[in-house]
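Here's data_35.txt, which has compact mmCIF, C-alpha atoms and all ligand atoms:
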```txt
# COMPACT_ATOMS: atom_id res chain seq x y z
CA ASP H 1 53.30 -67.86 9.10
CA TRP H 2 49.92 -68.77 10.55
CA ASN H 3 47.36 -69.14 7.81
CA ALA H 4 43.73 -70.23 8.18
CA GLY H 5 43.70 -71.99 4.81
CA ASN H 6 46.69 -74.15 5.74
CA VAL H 7 45.22 -75.12 9.10
CA ILE H 8 41.96 -76.07 7.40
CA ALA H 9 43.75 -78.21 4.81
CA GLU H 10 45.83 -79.97 7.49
CA GLN H 11 42.81 -80.62 9.69
CA ILE H 12 40.75 -81.96 6.80
CA ALA H 13 43.45 -84.51 6.00
CA ARG H 14 43.79 -85.48 9.65
CA ILE H 15 40.03 -85.81 10.21
CA ARG H 16 39.60 -87.98 7.09
CA GLU H 17 42.36 -90.26 8.26
CA GLN H 18 40.95 -90.51 11.78
CA VAL H 19 37.35 -91.13 10.74
CA GLY H 20 37.58 -93.34 7.68
CA SER H 21 34.05 -94.32 6.68
CA ALA H 22 32.51 -94.12 10.17
CA ARG H 23 29.75 -91.70 11.09
CA VAL H 24 30.20 -88.73 13.35
CA ILE H 25 27.96 -86.65 15.64
CA SER H 26 28.42 -83.06 16.70
CA ALA H 27 26.52 -80.89 19.17
CA LEU H 28 25.95 -77.31 18.00
CA SER H 29 25.44 -74.85 20.83
CA GLY H 30 25.05 -71.73 18.71
CA GLY H 31 28.48 -70.58 19.90
CA VAL H 32 31.62 -69.99 17.87
CA ASP H 33 33.64 -73.05 18.86
CA SER H 34 31.06 -75.71 18.10
CA ALA H 35 30.04 -73.88 14.90
CA VAL H 36 33.60 -73.86 13.57
CA SER H 37 34.60 -77.37 14.66
CA THR H 38 31.41 -78.77 13.14
CA ALA H 39 31.91 -76.91 9.85
CA LEU H 40 35.49 -78.08 9.67
CA VAL H 41 34.55 -81.72 10.18
CA HIS H 42 31.78 -81.32 7.63
CA ARG H 43 34.27 -79.98 5.11
CA ALA H 44 36.30 -83.11 5.65
CA ILE H 45 33.65 -85.84 5.62
CA GLY H 46 30.38 -84.28 4.36
CA ASP H 47 27.22 -86.14 5.29
CA GLN H 48 29.01 -88.73 7.38
CA LEU H 49 28.48 -85.99 9.96
CA THR H 50 25.19 -85.23 11.69
CA ALA H 51 24.96 -82.07 13.78
CA VAL H 52 22.53 -81.85 16.68
CA PHE H 53 21.06 -78.65 18.09
CA VAL H 54 19.04 -78.77 21.31
CA ASP H 55 16.38 -76.07 21.58
CA HIS H 56 16.00 -75.92 25.36
CA GLY H 57 13.71 -72.91 25.33
CA LEU H 58 16.41 -70.74 26.93
CA LEU H 59 17.77 -69.38 23.66
CA ARG H 60 18.02 -65.76 22.67
CA LYS H 61 15.76 -64.23 20.06
CA GLY H 62 16.63 -65.44 16.57
CA GLU H 63 19.26 -67.89 17.77
CA ARG H 64 17.57 -71.04 16.56
CA GLU H 65 16.81 -69.50 13.18
CA GLN H 66 20.42 -68.40 12.90
CA VAL H 67 21.60 -71.98 13.33
CA GLU H 68 18.85 -73.70 11.33
CA LYS H 69 18.89 -71.27 8.45
CA ASP H 70 22.05 -69.16 8.17
CA TYR H 71 24.49 -71.73 9.47
CA VAL H 72 23.00 -74.65 7.55
CA GLU H 73 22.81 -72.59 4.33
CA SER H 74 26.41 -71.45 4.56
CA THR H 75 27.92 -74.81 5.52
CA GLY H 76 25.58 -77.47 4.11
CA VAL H 77 25.71 -79.33 7.43
CA ARG H 78 22.98 -81.91 8.03
CA LEU H 79 21.20 -80.78 11.18
CA ILE H 80 18.77 -82.31 13.62
CA THR H 81 17.02 -79.95 16.04
CA VAL H 82 15.72 -81.45 19.26
CA GLU H 83 12.56 -79.78 20.56
CA ALA H 84 13.22 -79.89 24.27
CA ALA H 85 11.74 -76.65 25.62
CA ASP H 86 8.81 -78.35 27.36
CA THR H 87 11.09 -80.84 29.07
CA PHE H 88 13.60 -78.24 30.23
CA LEU H 89 11.03 -75.74 31.44
CA GLY H 90 9.13 -78.52 33.18
CA HIS H 91 12.21 -79.51 35.16
CA LEU H 92 12.99 -75.87 35.96
CA GLU H 93 9.56 -75.24 37.46
CA GLY H 94 9.84 -73.80 40.95
CA VAL H 95 13.66 -73.70 40.83
CA THR H 96 15.33 -70.44 41.87
CA ASP H 97 18.81 -71.50 43.00
CA PRO H 98 21.43 -70.72 40.30
CA GLU H 99 23.54 -73.85 40.76
CA GLN H 100 20.42 -75.99 40.81
CA LYS H 101 19.35 -74.43 37.52
CA ARG H 102 22.77 -75.19 36.02
CA LYS H 103 22.63 -78.80 37.19
CA ILE H 104 19.18 -79.35 35.74
CA ILE H 105 20.02 -77.69 32.43
CA GLY H 106 23.30 -79.61 32.14
CA ARG H 107 21.65 -82.90 32.97
CA GLU H 108 18.74 -82.38 30.59
CA PHE H 109 21.09 -81.31 27.83
CA ILE H 110 23.02 -84.55 28.10
CA ARG H 111 19.78 -86.55 28.23
CA ALA H 112 18.44 -84.88 25.10
CA PHE H 113 21.72 -85.36 23.30
CA GLU H 114 22.04 -89.00 24.36
CA GLN H 115 18.59 -89.74 23.00
CA VAL H 116 19.59 -88.46 19.56
CA GLN H 117 22.86 -90.36 19.77
CA ARG H 118 21.03 -93.58 20.45
CA ASP H 119 18.67 -92.95 17.53
CA LEU H 120 21.56 -92.22 15.21
CA VAL H 121 23.53 -95.22 16.38
CA SER H 122 20.64 -97.59 15.70
CA GLU H 123 19.83 -95.90 12.41
CA ALA H 124 23.43 -96.35 11.32
CA ALA H 125 23.52 -99.93 12.52
CA ALA H 126 20.46 -100.70 10.40
CA SER H 127 22.42 -99.76 7.30
CA GLY H 128 25.57 -101.55 8.45
CA GLU H 129 27.37 -98.36 9.51
CA LYS H 130 28.95 -97.31 12.76
CA VAL H 131 28.80 -94.03 14.68
CA LYS H 132 32.18 -93.86 16.27
CA PHE H 133 33.10 -90.23 16.78
CA LEU H 134 31.94 -87.13 18.57
CA VAL H 135 33.12 -83.62 17.65
CA GLN H 136 34.13 -81.27 20.47
CA GLY H 137 35.03 -77.61 20.05
CA THR H 138 37.81 -77.74 22.66
CA LEU H 139 40.26 -74.83 22.33
CA TYR H 140 43.86 -74.62 23.45
CA PRO H 141 43.04 -72.54 26.56
CA ASP H 142 40.47 -75.22 27.58
CA VAL H 143 43.17 -77.89 27.27
CA VAL H 144 45.58 -75.90 29.40
CA GLU H 145 42.92 -75.09 31.98
CA SER H 146 41.71 -78.64 32.48
CA GLY H 147 45.20 -80.19 32.39
CA GLY H 148 46.70 -77.66 34.73
CA GLY H 149 44.99 -78.83 37.89
CA SER H 150 45.30 -75.27 39.11
CA GLY H 151 43.27 -75.85 42.26
CA THR H 152 41.17 -72.74 41.79
CA ALA H 153 37.84 -72.78 43.56
CA ASN H 154 34.85 -73.79 41.48
CA ILE H 155 32.82 -70.64 41.79
CA LYS H 156 30.24 -71.62 39.22
CA SER H 157 29.90 -75.09 37.77
CA HIS H 158 30.42 -74.30 34.08
CA HIS H 159 28.89 -77.34 32.53
CA ASN H 160 30.38 -78.44 29.29
CA VAL H 161 27.58 -78.43 26.74
CA GLY H 162 27.88 -81.62 24.74
CA GLY H 163 29.75 -83.44 27.50
CA LEU H 164 30.53 -87.04 26.72
CA PRO H 165 28.00 -89.52 28.10
CA ASP H 166 29.57 -92.44 29.93
CA ASP H 167 27.70 -95.40 28.56
CA LEU H 168 28.23 -94.70 24.86
CA ASP H 169 31.63 -95.42 23.49
CA PHE H 170 32.86 -92.57 21.30
CA GLU H 171 36.21 -91.27 20.24
CA LEU H 172 36.63 -87.52 20.20
CA ILE H 173 37.47 -85.33 17.24
CA GLU H 174 38.84 -82.02 18.50
CA PRO H 175 40.09 -80.06 15.50
CA LEU H 176 40.52 -76.79 17.46
CA ARG H 177 42.68 -78.20 20.25
CA THR H 178 45.78 -76.22 19.34
CA LEU H 179 44.01 -72.96 18.55
CA PHE H 180 43.13 -69.69 20.25
CA LYS H 181 39.78 -67.96 19.89
CA ASP H 182 40.88 -65.39 17.29
CA GLU H 183 42.36 -68.19 15.18
CA VAL H 184 39.12 -70.13 15.44
CA ARG H 185 37.23 -67.06 14.25
CA ALA H 186 39.62 -66.66 11.30
CA ILE H 187 39.03 -70.28 10.33
CA GLY H 188 35.29 -69.83 10.66
CA ARG H 189 35.37 -66.83 8.31
CA GLU H 190 37.50 -68.77 5.83
CA LEU H 191 34.88 -71.54 5.96
CA GLY H 192 32.18 -69.01 5.10
CA ILE H 193 30.27 -69.10 8.39
CA PRO H 194 28.16 -65.93 8.80
CA GLU H 195 29.76 -63.10 10.77
CA ALA H 196 26.81 -63.07 13.20
CA ILE H 197 27.93 -66.52 14.38
CA VAL H 198 31.71 -66.25 13.98
CA GLY H 199 31.87 -62.87 15.71
CA ARG H 200 29.46 -63.79 18.46
CA GLN H 201 30.21 -62.71 21.99
CA PRO H 202 30.34 -65.37 24.71
CA PHE H 203 26.99 -66.65 25.91
CA PRO H 204 26.61 -69.15 28.74
CA GLY H 205 25.52 -72.72 28.02
CA PRO H 206 22.52 -72.45 30.42
CA GLY H 207 21.37 -69.51 28.31
CA LEU H 208 18.66 -67.17 29.52
CA GLY H 209 17.94 -69.62 32.35
CA ILE H 210 20.62 -67.99 34.49
CA ARG H 211 19.65 -64.45 33.50
CA ILE H 212 16.28 -64.55 35.21
CA VAL H 213 16.82 -63.97 38.91
CA GLY H 214 13.97 -66.08 40.24
CA GLU H 215 11.98 -68.90 38.71
CA VAL H 216 12.27 -69.44 34.96
CA THR H 217 8.89 -69.33 33.23
CA ARG H 218 7.80 -68.97 29.62
CA ASP H 219 6.44 -65.45 30.16
CA ARG H 220 9.58 -64.27 31.87
CA LEU H 221 11.72 -65.78 29.12
CA GLU H 222 9.65 -63.93 26.54
CA THR H 223 10.14 -60.64 28.42
CA LEU H 224 13.88 -61.15 28.77
CA ARG H 225 14.27 -62.31 25.17
CA GLU H 226 12.74 -59.07 23.90
CA ALA H 227 14.77 -56.84 26.20
CA ASP H 228 17.98 -58.69 25.35
CA ALA H 229 17.36 -58.39 21.61
CA ILE H 230 16.77 -54.64 21.93
CA ALA H 231 19.94 -54.07 23.97
CA ARG H 232 22.04 -56.16 21.58
CA ALA H 233 20.72 -54.37 18.52
CA GLU H 234 21.38 -50.92 20.00
CA LEU H 235 24.91 -51.79 21.15
CA THR H 236 25.74 -53.20 17.73
CA ALA H 237 24.23 -50.18 15.97
CA ALA H 238 26.36 -47.92 18.18
CA GLY H 239 29.48 -49.77 17.01
CA LEU H 240 30.32 -51.05 20.50
CA ASP H 241 30.66 -54.78 19.78
CA ALA H 242 34.45 -54.70 19.68
CA GLU H 243 34.73 -52.81 22.97
CA ILE H 244 32.23 -54.95 24.85
CA TRP H 245 33.23 -58.51 25.77
CA GLN H 246 29.59 -59.38 26.43
CA CYS H 247 26.54 -57.68 27.85
CA PRO H 248 24.30 -59.88 29.95
CA VAL H 249 20.77 -58.51 30.20
CA VAL H 250 19.18 -59.71 33.40
CA LEU H 251 15.52 -59.82 34.46
CA LEU H 252 14.92 -59.30 38.17
CA ALA H 253 11.78 -61.37 38.13
CA ASP H 254 11.13 -61.27 41.87
CA VAL H 255 11.56 -57.50 42.15
CA ARG H 256 8.78 -55.07 41.34
CA SER H 257 8.82 -51.31 41.39
CA VAL H 258 6.24 -48.63 40.89
CA GLY H 259 6.24 -46.68 37.67
CA VAL H 260 3.98 -44.47 35.62
CA GLN H 261 3.14 -44.85 31.98
CA GLY H 262 0.51 -42.90 30.07
CA ASP H 263 -2.22 -42.20 32.63
CA GLY H 264 -1.55 -45.26 34.65
CA ARG H 265 0.50 -46.56 37.49
CA THR H 266 2.60 -49.59 36.65
CA TYR H 267 4.11 -52.21 38.90
CA GLY H 268 6.71 -53.88 36.77
CA HIS H 269 10.12 -55.52 36.75
CA PRO H 270 13.60 -54.03 36.38
CA ILE H 271 16.00 -55.08 33.65
CA VAL H 272 19.72 -54.88 34.44
CA LEU H 273 22.28 -54.07 31.74
CA ARG H 274 25.67 -55.62 32.47
CA PRO H 275 28.09 -54.52 29.71
CA VAL H 276 31.64 -55.63 30.51
CA SER H 277 35.06 -55.25 28.96
CA SER H 278 37.46 -58.14 29.49
CA GLU H 279 40.37 -60.09 28.02
CA ASP H 280 39.44 -63.56 29.23
CA ALA H 281 36.36 -63.28 31.51
CA MET H 282 38.53 -63.99 34.58
CA THR H 283 38.47 -60.30 35.43
CA ALA H 284 36.31 -57.61 33.88
CA ASP H 285 35.48 -53.94 34.10
CA TRP H 286 32.09 -52.43 33.43
CA THR H 287 32.08 -50.79 30.02
CA ARG H 288 31.60 -47.02 29.90
CA VAL H 289 28.79 -47.14 27.36
CA PRO H 290 27.94 -43.60 26.19
CA TYR H 291 24.92 -42.07 27.94
CA GLU H 292 23.08 -41.54 24.65
CA VAL H 293 23.31 -45.23 23.85
CA LEU H 294 22.11 -46.18 27.34
CA ALA H 295 19.21 -43.75 26.94
CA ARG H 296 18.20 -45.31 23.62
CA ILE H 297 18.30 -48.81 25.11
CA SER H 298 16.29 -47.73 28.16
CA ASN H 299 13.63 -45.96 26.08
CA ALA H 300 13.30 -48.81 23.65
CA ILE H 301 13.00 -51.47 26.33
CA THR H 302 10.47 -49.62 28.49
CA ASN H 303 8.43 -48.67 25.39
CA GLN H 304 8.43 -52.09 23.79
CA VAL H 305 8.45 -54.55 26.67
CA PRO H 306 5.26 -54.09 28.69
CA GLU H 307 6.38 -55.90 31.86
CA VAL H 308 9.51 -53.77 32.24
CA ASN H 309 9.22 -50.30 33.75
CA ARG H 310 12.82 -49.67 34.79
CA VAL H 311 16.27 -50.19 33.25
CA VAL H 312 19.31 -50.12 35.53
CA LEU H 313 23.04 -50.26 34.84
CA ASP H 314 25.47 -52.54 36.68
CA VAL H 315 28.66 -50.59 37.45
CA THR H 316 30.52 -53.35 39.30
CA SER H 317 33.85 -54.74 38.15
CA LYS H 318 34.83 -58.43 38.41
CA PRO H 319 35.92 -59.04 41.12
CA PRO H 320 33.94 -58.52 43.26
CA GLY H 321 30.97 -59.06 40.95
CA THR H 322 30.90 -61.95 38.49
CA ILE H 323 29.91 -61.21 34.90
CA GLU H 324 26.63 -63.08 35.17
CA TRP H 325 24.22 -62.40 38.02
CA GLU H 326 23.74 -66.08 38.75
P1 LIG H 401 31.18 -65.26 35.48
O1 LIG H 401 29.72 -64.96 35.69
O2 LIG H 401 31.65 -66.47 36.25
O3 LIG H 401 31.32 -65.65 33.95
O4 LIG H 401 32.06 -64.07 35.71
C1 LIG H 401 32.53 -65.82 33.28
C2 LIG H 401 32.22 -66.26 31.85
O5 LIG H 401 31.63 -67.55 31.85
C3 LIG H 401 30.31 -67.50 31.29
N1 LIG H 401 29.49 -68.38 32.10
C4 LIG H 401 29.10 -69.62 31.71
N2 LIG H 401 29.33 -70.30 30.59
N3 LIG H 401 28.08 -72.11 31.45
C5 LIG H 401 28.79 -71.55 30.44
O6 LIG H 401 28.96 -72.19 29.41
C6 LIG H 401 27.82 -71.50 32.63
O7 LIG H 401 27.17 -72.03 33.51
C7 LIG H 401 28.37 -70.16 32.77
N4 LIG H 401 28.34 -69.26 33.77
C8 LIG H 401 29.03 -68.17 33.35
C9 LIG H 401 29.89 -66.05 31.37
O8 LIG H 401 28.92 -65.74 30.40
C10 LIG H 401 31.21 -65.35 31.15
O9 LIG H 401 31.55 -65.29 29.78
```
Represent the structure from my file as structure tokens, please.
Ligand code: XMP
Amino acid sequence: DWNAGNVIAEQIARIREQVGSARVISALSGGVDSAVSTALVHRAIGDQLTAVFVDHGLLRKGEREQVEKDYVESTGVRLITVEAADTFLGHLEGVTDPEQKRKIIGREFIRAFEQVQRDLVSEAAASGEKVKFLVQGTLYPDVVESGGGSGTANIKSHHNVGGLPDDLDFELIEPLRTLFKDEVRAIGRELGIPEAIVGRQPFPGPGLGIRIVGEVTRDRLETLREADAIARAELTAAGLDAEIWQCPVVLLADVRSVGVQGDGRTYGHPIVLRPVSSEDAMTADWTRVPYEVLARISNAITNQVPEVNRVVLDVTSKPPGTIEWE
């Protein structure tokens, strides 16, 4: 019988044997896989592990606090946060092409992570230690997908957050390699990771950067962050989290429409709600969210987010639409 406790015990023994007294680095993305693999390695080797979280300025509301506070409190993991928002947003200036955004974000992520790696390597060397390992939250389906050589077209370049830099010589620790997502969640719960992290819906590595159609700016990010937080809170309150695979909230930053609010005419931006139901994100259907819930989301967003004067619903399945708009 599959049992989270047994898997944890087995993995702890295996990780200890693999690592010995070396030091280990792990990149936390805020997602389930990296949260669980990091916590598992921490259980095995304690403060030989340093976790790194890159704040690229494209995070959702409360996400950084969730990692820095709730995750650290519940696991005891030693965490370094890299303040990289200025750098990322600087490089994204003037960029509107989705694949270009992904390339820049992926590249900058690796740069930021490499910098911390170098610092940690020299810090360890100073005390006669070695950083030899890198934790990756690879799941069984990822292993199958990348080994399969299926020849499917690369529709969007899904960059692997925490990808291994070439010039630094690390061995990988991949404690989730034989597991499926629901098993990873079970292990995360057993390890005491907060439900808000363990139960989190998928969120793309490039974050809110690919949910602004148009150039990514601080103001636009602020607008989208507020709208996204409102939609998420309402969907959760309505008990729809299990039915919805994920619900991208998209800011059409280059579109304006006329509205009226109070006594005045407005000329604001539309927000798109994209709730989808899916098994594996390869195909998806738009979720039939009850009208009352949609009405609450729409009212709340247009009342609370000044730049938004219209909320629209995406009723396209995948295919032909993708889940994200970019
Ligand atoms: P699409 O939009 O291709 O999305 O239907 C399928 C799933 O992949 C996620 N997604 C990404 N994840 N980096 C990621 O880590 C990316 O660049 C990226 N693009 C899409 C999307 O959120 C959905 O779960």
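Using all atoms listed in the file, the smallest distance between any of H:Pro206, H:Val216, H:Lys69, H:Arg118 and H:His91 comes from H:Val216.
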Applying 6 Å and only C-alpha atoms, which residues near stretch 316-321 of chain H remain after dropping the ones on its own chain fewer than 2 positions away? List them as an mmCIF file with C-alpha atoms, in the frame of the given file.
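Final output, around_1.cif:
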```
data_model
loop_
_atom_site.group_PDB
_atom_site.id
_atom_site.type_symbol
_atom_site.label_atom_id
_atom_site.label_comp_id
_atom_site.auth_asym_id
_atom_site.auth_seq_id
_atom_site.Cartn_x
_atom_site.Cartn_y
_atom_site.Cartn_z
ATOM 1 C CA THR H 283 38.470 -60.300 35.430
ATOM 2 C CA ALA H 284 36.310 -57.610 33.880
ATOM 3 C CA ASP H 285 35.480 -53.940 34.100
ATOM 4 C CA TRP H 286 32.090 -52.430 33.430
ATOM 5 C CA ASP H 314 25.470 -52.540 36.680
#
```
Find the residues near ligand LIG 401 (chain H). Use a cut-off of 10 Å, count all atoms listed in the file, and write them as an MDAnalysis selection string.
chainID H and resid 29 31 98:99 101:103 105:106 154:161 201:207 209:211 245:248 276 278 280:284 317:326
Limited to C-alpha atoms, could you put the picked residues into a file as an mmCIF file, keeping the file's coordinate frame?
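Done, and the output landed in selection_16.cif:
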```
data_model
loop_
_atom_site.group_PDB
_atom_site.id
_atom_site.type_symbol
_atom_site.label_atom_id
_atom_site.label_comp_id
_atom_site.auth_asym_id
_atom_site.auth_seq_id
_atom_site.Cartn_x
_atom_site.Cartn_y
_atom_site.Cartn_z
ATOM 1 C CA SER H 29 25.440 -74.850 20.830
ATOM 2 C CA GLY H 31 28.480 -70.580 19.900
ATOM 3 C CA PRO H 98 21.430 -70.720 40.300
ATOM 4 C CA GLU H 99 23.540 -73.850 40.760
ATOM 5 C CA LYS H 101 19.350 -74.430 37.520
ATOM 6 C CA ARG H 102 22.770 -75.190 36.020
ATOM 7 C CA LYS H 103 22.630 -78.800 37.190
ATOM 8 C CA ILE H 105 20.020 -77.690 32.430
ATOM 9 C CA GLY H 106 23.300 -79.610 32.140
ATOM 10 C CA ASN H 154 34.850 -73.790 41.480
ATOM 11 C CA ILE H 155 32.820 -70.640 41.790
ATOM 12 C CA LYS H 156 30.240 -71.620 39.220
ATOM 13 C CA SER H 157 29.900 -75.090 37.770
ATOM 14 C CA HIS H 158 30.420 -74.300 34.080
ATOM 15 C CA HIS H 159 28.890 -77.340 32.530
ATOM 16 C CA ASN H 160 30.380 -78.440 29.290
ATOM 17 C CA VAL H 161 27.580 -78.430 26.740
ATOM 18 C CA GLN H 201 30.210 -62.710 21.990
ATOM 19 C CA PRO H 202 30.340 -65.370 24.710
ATOM 20 C CA PHE H 203 26.990 -66.650 25.910
ATOM 21 C CA PRO H 204 26.610 -69.150 28.740
ATOM 22 C CA GLY H 205 25.520 -72.720 28.020
ATOM 23 C CA PRO H 206 22.520 -72.450 30.420
ATOM 24 C CA GLY H 207 21.370 -69.510 28.310
ATOM 25 C CA GLY H 209 17.940 -69.620 32.350
ATOM 26 C CA ILE H 210 20.620 -67.990 34.490
ATOM 27 C CA ARG H 211 19.650 -64.450 33.500
ATOM 28 C CA TRP H 245 33.230 -58.510 25.770
ATOM 29 C CA GLN H 246 29.590 -59.380 26.430
ATOM 30 C CA CYS H 247 26.540 -57.680 27.850
ATOM 31 C CA PRO H 248 24.300 -59.880 29.950
ATOM 32 C CA VAL H 276 31.640 -55.630 30.510
ATOM 33 C CA SER H 278 37.460 -58.140 29.490
ATOM 34 C CA ASP H 280 39.440 -63.560 29.230
ATOM 35 C CA ALA H 281 36.360 -63.280 31.510
ATOM 36 C CA MET H 282 38.530 -63.990 34.580
ATOM 37 C CA THR H 283 38.470 -60.300 35.430
ATOM 38 C CA ALA H 284 36.310 -57.610 33.880
ATOM 39 C CA SER H 317 33.850 -54.740 38.150
ATOM 40 C CA LYS H 318 34.830 -58.430 38.410
ATOM 41 C CA PRO H 319 35.920 -59.040 41.120
ATOM 42 C CA PRO H 320 33.940 -58.520 43.260
ATOM 43 C CA GLY H 321 30.970 -59.060 40.950
ATOM 44 C CA THR H 322 30.900 -61.950 38.490
ATOM 45 C CA ILE H 323 29.910 -61.210 34.900
ATOM 46 C CA GLU H 324 26.630 -63.080 35.170
ATOM 47 C CA TRP H 325 24.220 -62.400 38.020
ATOM 48 C CA GLU H 326 23.740 -66.080 38.750
#
```
Sorted per-residue table, stretch 47-151 of chain H near stretch 194-198 of chain H, closest atoms and distance, 12 Å, all atoms listed in the file, as JSON lines:
```
{"residue": "H:Gly62", "atom": "CA", "partner": "H:Ala196", "partner_atom": "CA", "distance": 11.0}
{"residue": "H:Glu63", "atom": "CA", "partner": "H:Ile197", "partner_atom": "CA", "distance": 9.4}
{"residue": "H:Arg64", "atom": "CA", "partner": "H:Ile197", "partner_atom": "CA", "distance": 11.5}
{"residue": "H:Glu65", "atom": "CA", "partner": "H:Ile197", "partner_atom": "CA", "distance": 11.6}
{"residue": "H:Gln66", "atom": "CA", "partner": "H:Ile197", "partner_atom": "CA", "distance": 7.9}
{"residue": "H:Val67", "atom": "CA", "partner": "H:Ile197", "partner_atom": "CA", "distance": 8.4}
{"residue": "H:Glu68", "atom": "CA", "partner": "H:Ile197", "partner_atom": "CA", "distance": 12.0}
{"residue": "H:Lys69", "atom": "CA", "partner": "H:Pro194", "partner_atom": "CA", "distance": 10.7}
{"residue": "H:Asp70", "atom": "CA", "partner": "H:Pro194", "partner_atom": "CA", "distance": 6.9}
{"residue": "H:Tyr71", "atom": "CA", "partner": "H:Pro194", "partner_atom": "CA", "distance": 6.9}
{"residue": "H:Val72", "atom": "CA", "partner": "H:Pro194", "partner_atom": "CA", "distance": 10.2}
{"residue": "H:Glu73", "atom": "CA", "partner": "H:Pro194", "partner_atom": "CA", "distance": 9.6}
{"residue": "H:Ser74", "atom": "CA", "partner": "H:Pro194", "partner_atom": "CA", "distance": 7.2}
{"residue": "H:Thr75", "atom": "CA", "partner": "H:Pro194", "partner_atom": "CA", "distance": 9.5}
```
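Nearest residue to H:Gly5, choosing from H:Ala27, H:Arg189, H:Gln18, H:Leu224 and counting only C-alpha atoms: H:Arg189.
Selecting by distance to (2.6, -53.8, 36.1) with a limit of 9 Å and using only C-alpha atoms, one obtains H:Arg256, H:Ser257, H:Val258, H:Gly259, H:Arg265, H:Thr266, H:Tyr267, H:Gly268, H:His269, H:Pro306, H:Glu307, H:Val308, H:Asn309.
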Just-selected residues, C-alpha atoms written as a PDB file, in the frame of the given file:
```
ATOM      1  CA  ARG H 256       8.780 -55.070  41.340  1.00  0.00           C
ATOM      2  CA  SER H 257       8.820 -51.310  41.390  1.00  0.00           C
ATOM      3  CA  VAL H 258       6.240 -48.630  40.890  1.00  0.00           C
ATOM      4  CA  GLY H 259       6.240 -46.680  37.670  1.00  0.00           C
ATOM      5  CA  ARG H 265       0.500 -46.560  37.490  1.00  0.00           C
ATOM      6  CA  THR H 266       2.600 -49.590  36.650  1.00  0.00           C
ATOM      7  CA  TYR H 267       4.110 -52.210  38.900  1.00  0.00           C
ATOM      8  CA  GLY H 268       6.710 -53.880  36.770  1.00  0.00           C
ATOM      9  CA  HIS H 269      10.120 -55.520  36.750  1.00  0.00           C
ATOM     10  CA  PRO H 306       5.260 -54.090  28.690  1.00  0.00           C
ATOM     11  CA  GLU H 307       6.380 -55.900  31.860  1.00  0.00           C
ATOM     12  CA  VAL H 308       9.510 -53.770  32.240  1.00  0.00           C
ATOM     13  CA  ASN H 309       9.220 -50.300  33.750  1.00  0.00           C
TER      14      ASN H 309
END
```
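Shell of H:Leu139 at 9 Å, with all atoms listed in the file counted and residues fewer than 4 places along the chain excluded, is Asp33, Val143, Val144, Glu174, Pro175, Leu176, Arg177, Thr178, Leu179, Phe180, Lys181 and Val184 of chain H.
Using all atoms listed in the file, the smallest distance between any of H:Glu243, H:Asp47, H:Asp169, H:Asp228 and H:Phe133 comes from H:Asp169.
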Could you check how far atom CA of H:Leu134 sits from atom CA of H:Arg60, in Å to one decimal?
25.8 Å
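If you look at atom CA of H:Gln261 and atom CA of H:Ala300, they are 13.7 Å away from each other.
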Any idea what's packed within 7 Å of H:Val24, counting all atoms listed in the file, ignoring anything in its chain fewer than 5 positions away? Could you give it as a PyMOL selection string?
chain H and resi 48-50+131-134
Just the number, please: distance in Å from atom CA of H:Val135 to atom CA of H:Leu59, one decimal.
21.8 Å
Tell me, as a PyMOL selection string, which residues lie within 12 Å of stretch 217-223 of chain H, counting only C-alpha atoms; anything in the same chain fewer than 3 positions away does not count.
chain H and resi 56-61+85-86+88-96+207-214+226-230+249-254+268-271+301-302+304-309
Please define a box with edges along x, y and z of the file around all atoms of stretch 107-126 of chain H given in the file, extend it by 5 Å on each side, and return its centre and edge lengths in Å to one decimal, as JSON.
```
{"center_x": 21.0, "center_y": -91.0, "center_z": 21.7, "size_x": 15.1, "size_y": 29.4, "size_z": 32.6}
```
Near H:Glu234, within 10 Å and counting all atoms listed in the file, which residues show up once chain neighbours fewer than 5 positions away are dropped, as a PyMOL selection string?
chain H and resi 229+239-240+293-294+296-297+300
So that I have them on file, write out the residues from the current selection with C-alpha atoms, as a short mmCIF file (atom, residue, chain, number, x, y, z; two decimals), in the frame of the given file.
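New file again10.cif:
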```cif
data_model
loop_
_atom_site.label_atom_id
_atom_site.label_comp_id
_atom_site.auth_asym_id
_atom_site.auth_seq_id
_atom_site.Cartn_x
_atom_site.Cartn_y
_atom_site.Cartn_z
CA ALA H 229 17.36 -58.39 21.61
CA GLY H 239 29.48 -49.77 17.01
CA LEU H 240 30.32 -51.05 20.50
CA VAL H 293 23.31 -45.23 23.85
CA LEU H 294 22.11 -46.18 27.34
CA ARG H 296 18.20 -45.31 23.62
CA ILE H 297 18.30 -48.81 25.11
CA ALA H 300 13.30 -48.81 23.65
#
```
